[in-house]
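One file, model00.cif, is given below (mmCIF, C-alpha atoms).
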```cif
data_coords
loop_
_atom_site.label_atom_id
_atom_site.label_comp_id
_atom_site.auth_asym_id
_atom_site.auth_seq_id
_atom_site.Cartn_x
_atom_site.Cartn_y
_atom_site.Cartn_z
CA MET A 55 -13.99 11.31 -3.31
CA ILE A 56 -10.62 11.80 -5.01
CA LEU A 57 -9.02 9.21 -7.28
CA MET A 58 -5.29 9.57 -7.91
CA SER A 59 -3.04 7.22 -9.88
CA ASP A 60 -0.72 9.57 -11.74
CA GLY A 61 2.45 7.89 -12.97
CA ALA A 62 1.26 4.35 -12.31
CA PRO A 63 3.15 1.72 -14.33
CA PRO A 64 1.22 -0.24 -16.98
CA CYS A 65 1.51 -3.43 -14.93
CA LEU A 66 1.93 -4.39 -11.27
CA ILE A 67 2.31 -7.74 -9.54
CA ARG A 68 0.62 -8.95 -6.37
CA ALA A 69 2.39 -11.89 -4.74
CA PHE A 70 0.76 -14.46 -2.45
CA SER A 71 2.25 -17.04 -0.12
CA GLU A 72 -0.39 -19.66 -0.98
CA ARG A 73 -2.16 -20.62 -4.19
CA PRO A 74 -5.71 -20.46 -2.71
CA HIS A 75 -5.08 -16.80 -1.82
CA LEU A 76 -4.19 -16.07 -5.44
CA GLN A 77 -7.29 -17.89 -6.66
CA CYS A 78 -9.45 -15.94 -4.23
CA PHE A 79 -7.99 -12.67 -5.50
CA LEU A 80 -8.58 -13.57 -9.15
CA ALA A 81 -12.16 -14.55 -8.25
CA GLY A 82 -12.72 -10.93 -7.21
CA ASN A 83 -12.34 -11.20 -3.43
CA VAL A 84 -9.73 -8.54 -2.71
CA LEU A 85 -8.36 -8.45 0.84
CA LEU A 86 -7.07 -5.11 2.14
CA SER A 87 -5.47 -4.56 5.55
CA ARG A 88 -5.58 -1.48 7.72
CA LEU A 89 -2.36 0.51 7.47
CA ASP A 90 -1.29 0.22 11.11
CA THR A 91 -1.61 -3.58 11.13
CA PHE A 92 1.51 -3.81 8.95
CA ARG A 93 3.55 -2.92 12.03
CA LEU A 94 2.99 -6.44 13.34
CA ILE A 95 3.04 -8.67 10.27
CA GLU A 96 4.19 -12.26 10.77
CA ASP A 97 7.39 -11.83 8.75
CA GLN A 98 9.49 -9.91 11.26
CA THR A 99 12.15 -9.11 8.65
CA ARG A 100 9.56 -7.00 6.80
CA GLN A 101 8.02 -5.28 9.82
CA ASP A 102 8.12 -1.50 10.08
CA ASP A 103 7.10 -0.44 13.58
CA MET A 104 6.51 3.11 12.28
CA GLU A 105 4.23 2.05 9.42
CA GLY A 106 1.63 4.73 8.76
CA GLU A 107 3.85 7.51 10.12
CA ALA A 108 5.76 10.02 8.01
CA ARG A 109 9.27 10.47 9.39
CA LEU A 110 11.85 12.97 8.14
CA ILE A 111 14.63 15.02 9.67
CA VAL A 112 14.11 18.66 8.71
CA PRO A 113 16.55 21.55 9.32
CA ALA A 114 15.26 24.38 11.53
CA ALA A 115 16.14 28.09 11.43
CA SER A 116 17.94 27.67 14.75
CA GLY A 117 20.35 25.25 13.13
CA THR A 118 18.98 22.29 15.09
CA ASP A 119 17.44 19.42 13.15
CA VAL A 120 13.76 18.75 13.76
CA ASN A 121 12.38 15.21 13.64
CA TYR A 122 9.19 15.62 11.64
CA GLY A 123 6.38 13.10 12.10
CA GLY A 124 2.78 12.74 11.00
CA SER A 125 0.11 10.04 11.10
CA PHE A 126 -3.55 9.37 10.22
CA HIS A 127 -6.64 9.43 12.40
CA ASN A 128 -8.87 8.01 9.66
CA PRO A 129 -8.78 4.30 8.80
CA VAL A 130 -6.60 3.61 5.76
CA TYR A 131 -6.70 0.26 3.96
CA LEU A 132 -3.93 -1.00 1.70
CA LEU A 133 -3.41 -3.45 -1.11
CA CYS A 134 0.35 -3.73 -1.56
CA CYS A 135 1.87 -4.60 -4.94
CA SER A 136 5.24 -4.39 -6.64
CA GLU A 137 6.63 -3.36 -9.99
CA PRO A 138 7.20 -6.32 -12.35
CA LEU A 139 10.94 -5.60 -12.25
CA VAL A 140 11.22 -6.65 -8.61
CA GLY A 141 13.98 -9.24 -8.35
CA LYS A 142 13.49 -13.00 -8.03
CA GLU A 143 15.32 -12.91 -4.72
CA MET A 144 12.46 -10.81 -3.29
CA VAL A 145 9.41 -12.56 -4.72
CA LYS A 146 9.56 -16.14 -3.51
CA PRO A 147 11.14 -15.79 -0.05
CA SER A 148 9.65 -12.44 0.94
CA LEU A 149 6.54 -11.64 -1.08
CA GLY A 150 5.33 -15.12 -2.03
CA PRO A 151 5.65 -17.48 -5.05
CA TRP A 152 2.10 -17.14 -6.41
CA ILE A 153 1.73 -14.11 -8.67
CA ALA A 154 -1.18 -12.07 -10.01
CA ARG A 155 -0.29 -9.68 -12.80
CA ILE A 156 -2.44 -6.55 -12.68
CA THR A 157 -2.62 -5.29 -16.25
CA ALA A 158 -4.86 -2.27 -15.64
CA PRO A 159 -3.69 -0.75 -12.33
CA SER A 160 -5.68 2.48 -12.62
CA ASP A 161 -8.87 0.67 -13.62
CA LEU A 162 -8.51 -1.59 -10.59
CA LEU A 163 -8.30 1.52 -8.40
CA SER A 164 -11.66 2.66 -9.77
CA ALA A 165 -13.15 -0.80 -9.20
CA LEU A 166 -11.94 -0.90 -5.59
CA SER A 167 -13.39 2.56 -5.00
CA THR A 168 -16.78 1.40 -6.24
CA ALA A 169 -16.64 -1.84 -4.24
CA VAL A 170 -15.89 -0.17 -0.92
CA LYS A 171 -19.22 1.67 -1.00
CA ASP A 172 -21.07 -1.65 -0.83
CA CYS A 173 -18.76 -3.43 1.61
CA VAL A 174 -18.29 -0.87 4.40
CA PRO A 175 -21.66 0.33 5.72
CA GLY A 176 -21.58 3.48 7.81
CA ARG A 177 -18.36 4.86 6.32
CA ASP A 178 -17.69 6.86 3.18
CA LEU A 179 -14.64 6.85 0.96
CA LEU A 180 -12.63 10.05 1.29
CA GLU A 181 -9.78 9.25 -1.08
CA ALA A 182 -8.51 6.41 -3.22
CA MET A 183 -4.91 6.53 -4.33
CA LEU A 184 -2.39 4.38 -6.16
CA LEU A 185 1.07 5.60 -5.27
CA PRO A 186 4.68 4.40 -5.03
CA VAL A 187 6.34 3.86 -1.69
CA SER A 188 9.02 6.40 -0.82
CA TYR A 189 12.03 4.72 0.79
CA SER A 190 12.99 7.82 2.74
CA LYS A 191 11.92 7.19 6.32
CA GLN A 192 14.19 9.03 8.77
CA PHE A 193 16.05 10.72 5.89
CA ARG A 194 17.55 14.17 6.40
CA VAL A 195 16.03 16.59 3.88
CA SER A 196 16.90 20.17 2.95
CA ASP A 197 13.37 21.62 3.04
CA THR A 198 10.17 21.05 4.97
CA PRO A 199 7.88 18.86 2.83
CA THR A 200 4.68 20.35 1.45
CA SER A 201 1.31 19.31 2.88
CA GLU A 202 0.70 17.06 -0.15
CA GLU A 203 4.12 15.42 0.26
CA ARG A 204 3.49 14.82 3.97
CA TYR A 205 0.12 13.28 3.19
CA ARG A 206 1.64 10.86 0.69
CA LEU A 207 4.44 9.92 3.07
CA MET A 208 1.95 8.96 5.76
CA LEU A 209 0.37 6.56 3.27
CA ALA A 210 3.51 5.16 1.69
CA GLN A 211 6.90 5.63 3.30
CA LYS A 212 9.32 2.93 4.43
CA PRO A 213 12.98 2.67 5.45
CA LEU A 214 15.59 2.36 2.70
CA LYS A 215 16.28 -1.30 3.56
CA PHE A 216 12.99 -2.25 1.86
CA GLU A 217 13.81 -0.52 -1.43
CA ALA A 218 14.28 -3.78 -3.37
CA GLU A 219 10.54 -4.50 -3.01
CA ARG A 220 9.72 -1.65 -5.47
CA GLU A 221 6.31 -1.35 -3.81
CA TRP A 222 3.18 0.44 -5.00
CA ARG A 223 0.11 0.81 -2.80
CA TYR A 224 -3.60 1.01 -3.37
CA ALA A 225 -4.72 3.18 -0.43
CA LEU A 226 -8.35 3.75 0.52
CA VAL A 227 -8.99 6.43 3.15
CA LEU A 228 -12.38 6.17 4.88
CA THR A 229 -14.36 8.50 7.10
CA GLY A 230 -14.46 8.12 10.87
CA GLY A 231 -11.85 7.15 13.40
CA ALA A 232 -9.46 4.23 13.06
CA GLY A 233 -10.01 3.01 16.62
CA ASP A 234 -13.32 1.28 15.99
CA SER A 235 -12.64 0.20 12.42
CA GLN A 236 -12.09 -3.38 11.31
CA GLU A 237 -8.54 -4.53 10.63
CA LYS A 238 -9.29 -6.12 7.26
CA LEU A 239 -11.72 -5.56 4.41
CA THR A 240 -12.71 -7.99 1.68
CA LEU A 241 -13.96 -6.07 -1.34
CA LYS A 242 -15.99 -7.78 -4.04
CA VAL A 243 -14.71 -6.82 -7.48
CA PRO A 244 -16.77 -8.29 -10.35
CA ASN A 245 -14.99 -9.22 -13.57
CA MET A 246 -11.59 -9.25 -11.86
CA ARG A 247 -10.13 -11.04 -14.87
CA GLN A 248 -10.43 -7.74 -16.74
CA PHE A 249 -7.73 -6.35 -14.46
CA ALA A 250 -5.50 -9.29 -13.54
CA TYR A 251 -4.42 -12.82 -14.38
CA ALA A 252 -2.22 -15.51 -12.86
CA GLY A 253 1.36 -14.97 -13.91
CA VAL A 254 4.80 -16.45 -13.50
CA ALA A 255 7.13 -15.07 -10.84
CA PRO A 256 9.81 -12.79 -12.34
#
```
Serialized structure, structure tokens:
Amino acid sequence: MILMSDGAPPCLIRAFSERPHLQCFLAGNVLLSRLDTFRLIEDQTRQDDMEGEARLIVPAASGTDVNYGGSFHNPVYLLCCSEPLVGKEMVKPSLGPWIARITAPSDLLSALSTAVKDCVPGRDLLEAMLLPVSYSKQFRVSDTPTSEERYRLMLAQKPLKFEAEREWRYALVLTGGAGDSQEKLTLKVPNMRQFAYAGVAP
């Protein structure tokens, strides 16, 4: 198992559309959704029908641009957060008015990694990452991305129009195929108040 959270900010926010969802989160019941399910979220203005796919336009030696793409076969589960500096115009209408402030983002990553072992029988955790979203989908780049860059883009890449969300993602990659995996996971995190508290929307 690999844990990666290099460069994580000291605080993140997780917004909820309803107060009971916030209370459930702070009680230690952390809901994660499978990466591909974000293609069909209820808020159509925030849908990305290529979620979970890395997409870049890369120059080829022939002089013809190549549309690069990559996607996962393993199930990947996300908890999506934002930097505290995300604007007020994004929080209430788009992300939700009820806010949890995560004061120890890297420690929460470790706690989620421990919790998944008890909550997902028959699958092992391959990687746990906390990483920023790259708002570069369908960008034209000068060089072919490295294997590590491609891997990160498959986990966290969105079109530029979503840049104002300033999103960070907790990403848990599990063993096995995605086809027979459940769409959502609820992980039990004891002592959640060590990592987060109810805050005021920015």
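Once the PyMOL selection byres ((chain A and resi 212) around 6) is applied to the shown structure, the selection contains A:Tyr189, A:Lys191, A:Gln211, A:Pro213.
When you apply the PyMOL selection byres ((chain A and resi 244-254) around 9) to this structure, what comes back is Ile67, Leu76, Gln77, Phe79, Leu80, Ala81, Gly82, Asn83, Pro151, Trp152, Ile153, Ala154, Arg155, Ile156, Thr157, Ala158, Pro159, Asp161, Leu162, Ala165, Ala169, Lys242, Val243, Ala255 and Pro256 of chain A.
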- 7 Å contact set for range 215-222 of chain A, all atoms listed in the file, chain neighbours under 5 positions out, as a ChimeraX atom specification: /A:134-137,140,144,184-187,189
- Name the residues within 12 Å of (-12.7, 2.6, -4.9), counting only C-alpha atoms in the file's coordinates, and put them as a count of residues only. 40
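Here CA of Pro138 in chain A and CA of Ala69 in chain A stand 10.6 Å from one another.
Taking CA of Gly61 in chain A and CA of Tyr205 in chain A as the two end points, the separation is 17.2 Å.
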- Figure out the distance between CA of Pro63 in chain A and CA of Ser87 in chain A, please, to one decimal in Å. 22.6 Å
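Each of A:Asn128, A:Thr198, A:Gln236, A:Ser188 was compared to Pro175 in chain A using all atoms listed in the file, and A:Gln236 turns out to be the nearest.
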- Item | Answer key for the PyMOL selection byres ((chain A and resi 129) around 8), residues as a ChimeraX atom specification | /A:88-89,126-128,130-131,227-232,235
Using the file's own x, y and z axes, what box holds all listed atoms of range 126-129 of chain A with 5 Å on each side, keeping edges along x, y and z, and what are its centre and edge lengths in Å to one decimal, as lines of an AutoDock Vina configuration file?
```
center_x = -6.2
center_y = 6.9
center_z = 10.6
size_x = 15.3
size_y = 15.1
size_z = 13.6
```
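When all atoms listed in the file are used to compute distances to Arg194 in chain A, the closest of the residues A:Leu239, A:Leu214, A:Val112, A:Leu66 turns out to be A:Val112.
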